[in-house]
Amino acid sequence: MKLATWNVNSIRARLAHVLDWLAANKPDVLCLQETKVVDADFPIEPLRAAGYHVAYVGQKSYNGVATISRTAASDIVTAPPGLDGEQKRALALTVDNIRVINVYVPNGERVGSEKYEFKLKWLAALQRYLAAELARHRLLAIVGDFNIAPEDRDVYDPTVWRDQVLFSEPEHQALRELMGVGVIDVFRRFDQPPESFTWWDYRQGGFRRNHGLRIDHILCSADLAQRCVACTIDQTPRKLERPSDHAPVLAEI
DNA sequence: ATGGCCTGCAACGCAGGA
């Protein structure tokens, strides 16, 4: 099966790109982040017409996640324990016998800010939820925009980014601890081109100069990771007019 | 040239992103 994640920076602004990408890539599951729309206004019909079931949880203006799938999902959780605040950032469901947790981890604004502390607390709650889910599901993927670049090779200029938000030691520690619960970054299970990133700033010709970060991830339980045969970043939609600033990550499982 | 972008909201600039 093909499992993908993509921060679309507004599902309504990016609907045509998403539909085109679905037609071109035919994923079985696509997890979207930053849908930026209340549930009543989510554009379900065009996605259904494209042959997908849709689960979503959103809010006005900010955040919001959605998981679309070729086959119907079950056991859908839109407010996981500990992640059930005002900000809609997590959505879990089971599809094709695989537990899929879709997350939009807080950005954190800047090291030491209130939002940064919120990010670390949110990651700790996510770790607890992930541990509980792993106890129930042998085949599990947790995917999405983690807003953390794990290693030096995931940042275009580690010297510039050192100790900055998205690349600070407390964030690295939080991600390591979360992964220590029992999930693997499948992107690094395979040979990859150097300087592979998933996000590029809209400003300063970030994409053209490949000034990016790898902050969107597909993390799989050991048994699911074993089934994974490929994991790639698709830069194609980042080259379109009015793109999302993130590119999709796609795993073949 | 020391800043350059994008989205949604209700504006006629702002908050937030990363």
# chains A, B, ... in the order shown; residues from 1 in each chain; ligands from 1

$ residues_around --residues "Asp75 (chain A)" --least-positions-apart "2" --cutoff "10 Å" --atoms "only C-alpha atoms (C1' of nucleotides)" --output "ChimeraX atom specification"
/A:73,77-78,92-95,99

$ write_last_selection --atoms "N, CA and C atoms" --output "PDB file, in the first residue's frame"
ATOM      1  N   ALA A  73     -12.218   3.848   6.661  1.00  0.00           N
ATOM      2  CA  ALA A  73     -11.466   3.747   7.912  1.00  0.00           C
ATOM      3  C   ALA A  73     -12.405   3.369   9.053  1.00  0.00           C
ATOM      4  N   VAL A  77     -10.442   8.486  15.731  1.00  0.00           N
ATOM      5  CA  VAL A  77     -10.319   9.274  16.959  1.00  0.00           C
ATOM      6  C   VAL A  77      -9.852  10.679  16.581  1.00  0.00           C
ATOM      7  N   THR A  78     -10.707  11.670  16.810  1.00  0.00           N
ATOM      8  CA  THR A  78     -10.377  13.048  16.424  1.00  0.00           C
ATOM      9  C   THR A  78      -9.847  13.876  17.597  1.00  0.00           C
ATOM     10  N   ALA A  92      -6.432   9.883  14.524  1.00  0.00           N
ATOM     11  CA  ALA A  92      -6.026   8.476  14.408  1.00  0.00           C
ATOM     12  C   ALA A  92      -7.154   7.673  13.800  1.00  0.00           C
ATOM     13  N   LEU A  93      -6.792   6.691  12.998  1.00  0.00           N
ATOM     14  CA  LEU A  93      -7.788   5.786  12.435  1.00  0.00           C
ATOM     15  C   LEU A  93      -7.100   4.505  11.968  1.00  0.00           C
ATOM     16  N   THR A  94      -7.926   3.504  11.699  1.00  0.00           N
ATOM     17  CA  THR A  94      -7.413   2.233  11.198  1.00  0.00           C
ATOM     18  C   THR A  94      -7.909   2.038   9.777  1.00  0.00           C
ATOM     19  N   VAL A  95      -6.964   1.744   8.880  1.00  0.00           N
ATOM     20  CA  VAL A  95      -7.333   1.504   7.485  1.00  0.00           C
ATOM     21  C   VAL A  95      -6.461   0.368   6.956  1.00  0.00           C
ATOM     22  N   ARG A  99      -2.933   0.936  11.785  1.00  0.00           N
ATOM     23  CA  ARG A  99      -3.271   2.112  12.583  1.00  0.00           C
ATOM     24  C   ARG A  99      -2.470   3.280  12.050  1.00  0.00           C
TER      25      ARG A  99
END

$ interface_residues --of "chain A" --to "chain B" --cutoff "12 Å" --atoms "only C-alpha atoms (C1' of nucleotides)" --output "ChimeraX atom specification"
/A:7-14,34-38,59-63,105-110,115,145-149,161,164-167,198-207,212-215,242-246

$ atom_distance --atom1 "CA of Ile76 (chain A)" --atom2 "CA of Leu120 (chain A)"
25.2 Å

$ atom_distance --atom1 "CA of Gly82 (chain A)" --atom2 "CA of Thr5 (chain A)"
22.5 Å

$ select_by_dssp --residues "region 50-201 of chain A" --states "strand (DSSP E or B)" --output "PyMOL selection string"
chain A and resi 53-57+65-69+74-77+90-95+98-104+140-145+155+183-185+199-200

$ write_last_selection --atoms "C-alpha atoms" --output "mmCIF file, in the first residue's frame"
data_model
loop_
_atom_site.group_PDB
_atom_site.id
_atom_site.type_symbol
_atom_site.label_atom_id
_atom_site.label_comp_id
_atom_site.auth_asym_id
_atom_site.auth_seq_id
_atom_site.Cartn_x
_atom_site.Cartn_y
_atom_site.Cartn_z
ATOM 1 C CA HIS A 53 -13.105 8.342 2.077
ATOM 2 C CA VAL A 54 -12.368 11.365 4.225
ATOM 3 C CA ALA A 55 -11.857 11.813 7.963
ATOM 4 C CA TYR A 56 -11.059 15.272 9.277
ATOM 5 C CA VAL A 57 -10.912 17.491 12.309
ATOM 6 C CA VAL A 65 -5.714 17.522 9.952
ATOM 7 C CA ALA A 66 -7.433 15.136 7.558
ATOM 8 C CA THR A 67 -6.805 11.559 6.499
ATOM 9 C CA ILE A 68 -8.186 10.339 3.211
ATOM 10 C CA SER A 69 -8.193 6.694 2.195
ATOM 11 C CA SER A 74 -12.584 2.502 11.323
ATOM 12 C CA ASP A 75 -11.924 3.407 14.967
ATOM 13 C CA ILE A 76 -11.576 7.101 14.091
ATOM 14 C CA VAL A 77 -10.319 9.274 16.959
ATOM 15 C CA ALA A 90 -4.100 14.853 15.690
ATOM 16 C CA LEU A 91 -6.305 12.250 14.041
ATOM 17 C CA ALA A 92 -6.026 8.476 14.408
ATOM 18 C CA LEU A 93 -7.788 5.786 12.435
ATOM 19 C CA THR A 94 -7.413 2.233 11.198
ATOM 20 C CA VAL A 95 -7.333 1.504 7.485
ATOM 21 C CA ILE A 98 -2.939 -0.448 9.804
ATOM 22 C CA ARG A 99 -3.271 2.112 12.583
ATOM 23 C CA VAL A 100 -2.472 5.532 11.116
ATOM 24 C CA ILE A 101 -1.860 8.499 13.415
ATOM 25 C CA ASN A 102 -1.783 11.809 11.560
ATOM 26 C CA VAL A 103 -0.154 14.695 13.446
ATOM 27 C CA TYR A 104 0.596 18.371 13.029
ATOM 28 C CA LEU A 140 1.174 1.312 13.099
ATOM 29 C CA ALA A 141 2.379 4.435 11.309
ATOM 30 C CA ILE A 142 2.606 7.886 12.856
ATOM 31 C CA VAL A 143 3.040 10.446 10.114
ATOM 32 C CA GLY A 144 2.836 14.159 9.573
ATOM 33 C CA ASP A 145 4.525 17.495 10.058
ATOM 34 C CA VAL A 155 19.011 20.888 7.477
ATOM 35 C CA VAL A 183 8.791 3.655 15.729
ATOM 36 C CA ILE A 184 11.363 3.970 12.936
ATOM 37 C CA ASP A 185 11.960 6.805 10.440
ATOM 38 C CA TRP A 199 9.947 22.187 3.526
ATOM 39 C CA TRP A 200 11.396 25.325 1.952
#

$ residues_around --residues "Ala135 (chain A)" --least-positions-apart "3" --cutoff "12 Å" --atoms "only C-alpha atoms (C1' of nucleotides)" --output "list of chain:residue names"
A:Arg99, A:Arg128, A:Tyr129, A:Leu130, A:Ala131, A:Ala132, A:Arg138, A:Leu139, A:Leu140, A:Val181, A:Gly182, A:Ser221

$ write_last_selection --atoms "N, CA and C atoms" --output "PDB file, in the first residue's frame"
ATOM      1  N   ARG A  99      -2.933   0.936  11.785  1.00  0.00           N
ATOM      2  CA  ARG A  99      -3.271   2.112  12.583  1.00  0.00           C
ATOM      3  C   ARG A  99      -2.470   3.280  12.050  1.00  0.00           C
ATOM      4  N   ARG A 128       3.040   9.587  24.989  1.00  0.00           N
ATOM      5  CA  ARG A 128       2.190   8.724  25.836  1.00  0.00           C
ATOM      6  C   ARG A 128       1.088   8.072  25.011  1.00  0.00           C
ATOM      7  N   TYR A 129       0.469   8.866  24.150  1.00  0.00           N
ATOM      8  CA  TYR A 129      -0.599   8.315  23.311  1.00  0.00           C
ATOM      9  C   TYR A 129      -0.048   7.252  22.359  1.00  0.00           C
ATOM     10  N   LEU A 130       1.115   7.537  21.776  1.00  0.00           N
ATOM     11  CA  LEU A 130       1.739   6.576  20.854  1.00  0.00           C
ATOM     12  C   LEU A 130       2.045   5.252  21.569  1.00  0.00           C
ATOM     13  N   ALA A 131       2.555   5.342  22.789  1.00  0.00           N
ATOM     14  CA  ALA A 131       2.858   4.121  23.545  1.00  0.00           C
ATOM     15  C   ALA A 131       1.595   3.286  23.748  1.00  0.00           C
ATOM     16  N   ALA A 132       0.498   3.957  24.077  1.00  0.00           N
ATOM     17  CA  ALA A 132      -0.763   3.234  24.282  1.00  0.00           C
ATOM     18  C   ALA A 132      -1.258   2.614  22.980  1.00  0.00           C
ATOM     19  N   ARG A 138      -0.065  -3.721  16.305  1.00  0.00           N
ATOM     20  CA  ARG A 138       1.248  -4.182  15.866  1.00  0.00           C
ATOM     21  C   ARG A 138       1.694  -3.438  14.609  1.00  0.00           C
ATOM     22  N   LEU A 139       0.732  -3.145  13.737  1.00  0.00           N
ATOM     23  CA  LEU A 139       1.031  -2.429  12.492  1.00  0.00           C
ATOM     24  C   LEU A 139       0.567  -0.993  12.653  1.00  0.00           C
ATOM     25  N   LEU A 140       1.521  -0.086  12.808  1.00  0.00           N
ATOM     26  CA  LEU A 140       1.174   1.312  13.099  1.00  0.00           C
ATOM     27  C   LEU A 140       2.134   2.251  12.379  1.00  0.00           C
ATOM     28  N   VAL A 181       9.821   4.836  21.881  1.00  0.00           N
ATOM     29  CA  VAL A 181       8.631   4.056  22.236  1.00  0.00           C
ATOM     30  C   VAL A 181       8.443   2.885  21.267  1.00  0.00           C
ATOM     31  N   GLY A 182       9.004   3.043  20.036  1.00  0.00           N
ATOM     32  CA  GLY A 182       8.950   1.917  19.109  1.00  0.00           C
ATOM     33  C   GLY A 182       8.554   2.225  17.680  1.00  0.00           C
ATOM     34  N   SER A 221       5.995   1.377  13.105  1.00  0.00           N
ATOM     35  CA  SER A 221       6.321   0.325  14.069  1.00  0.00           C
ATOM     36  C   SER A 221       7.255  -0.687  13.403  1.00  0.00           C
TER      37      SER A 221
END

$ select_by_dssp --residues "region 7-239 of chain A" --states "alpha helix (DSSP H)" --output "PyMOL selection string"
chain A and resi 11-25+44-49+114-136+158-161+169-180+222-227

$ closest_residue --among "A:Pro43, A:Arg209, A:Ala222, A:His17" --to "Glu241 (chain A)" --atoms "only C-alpha atoms"
A:His17
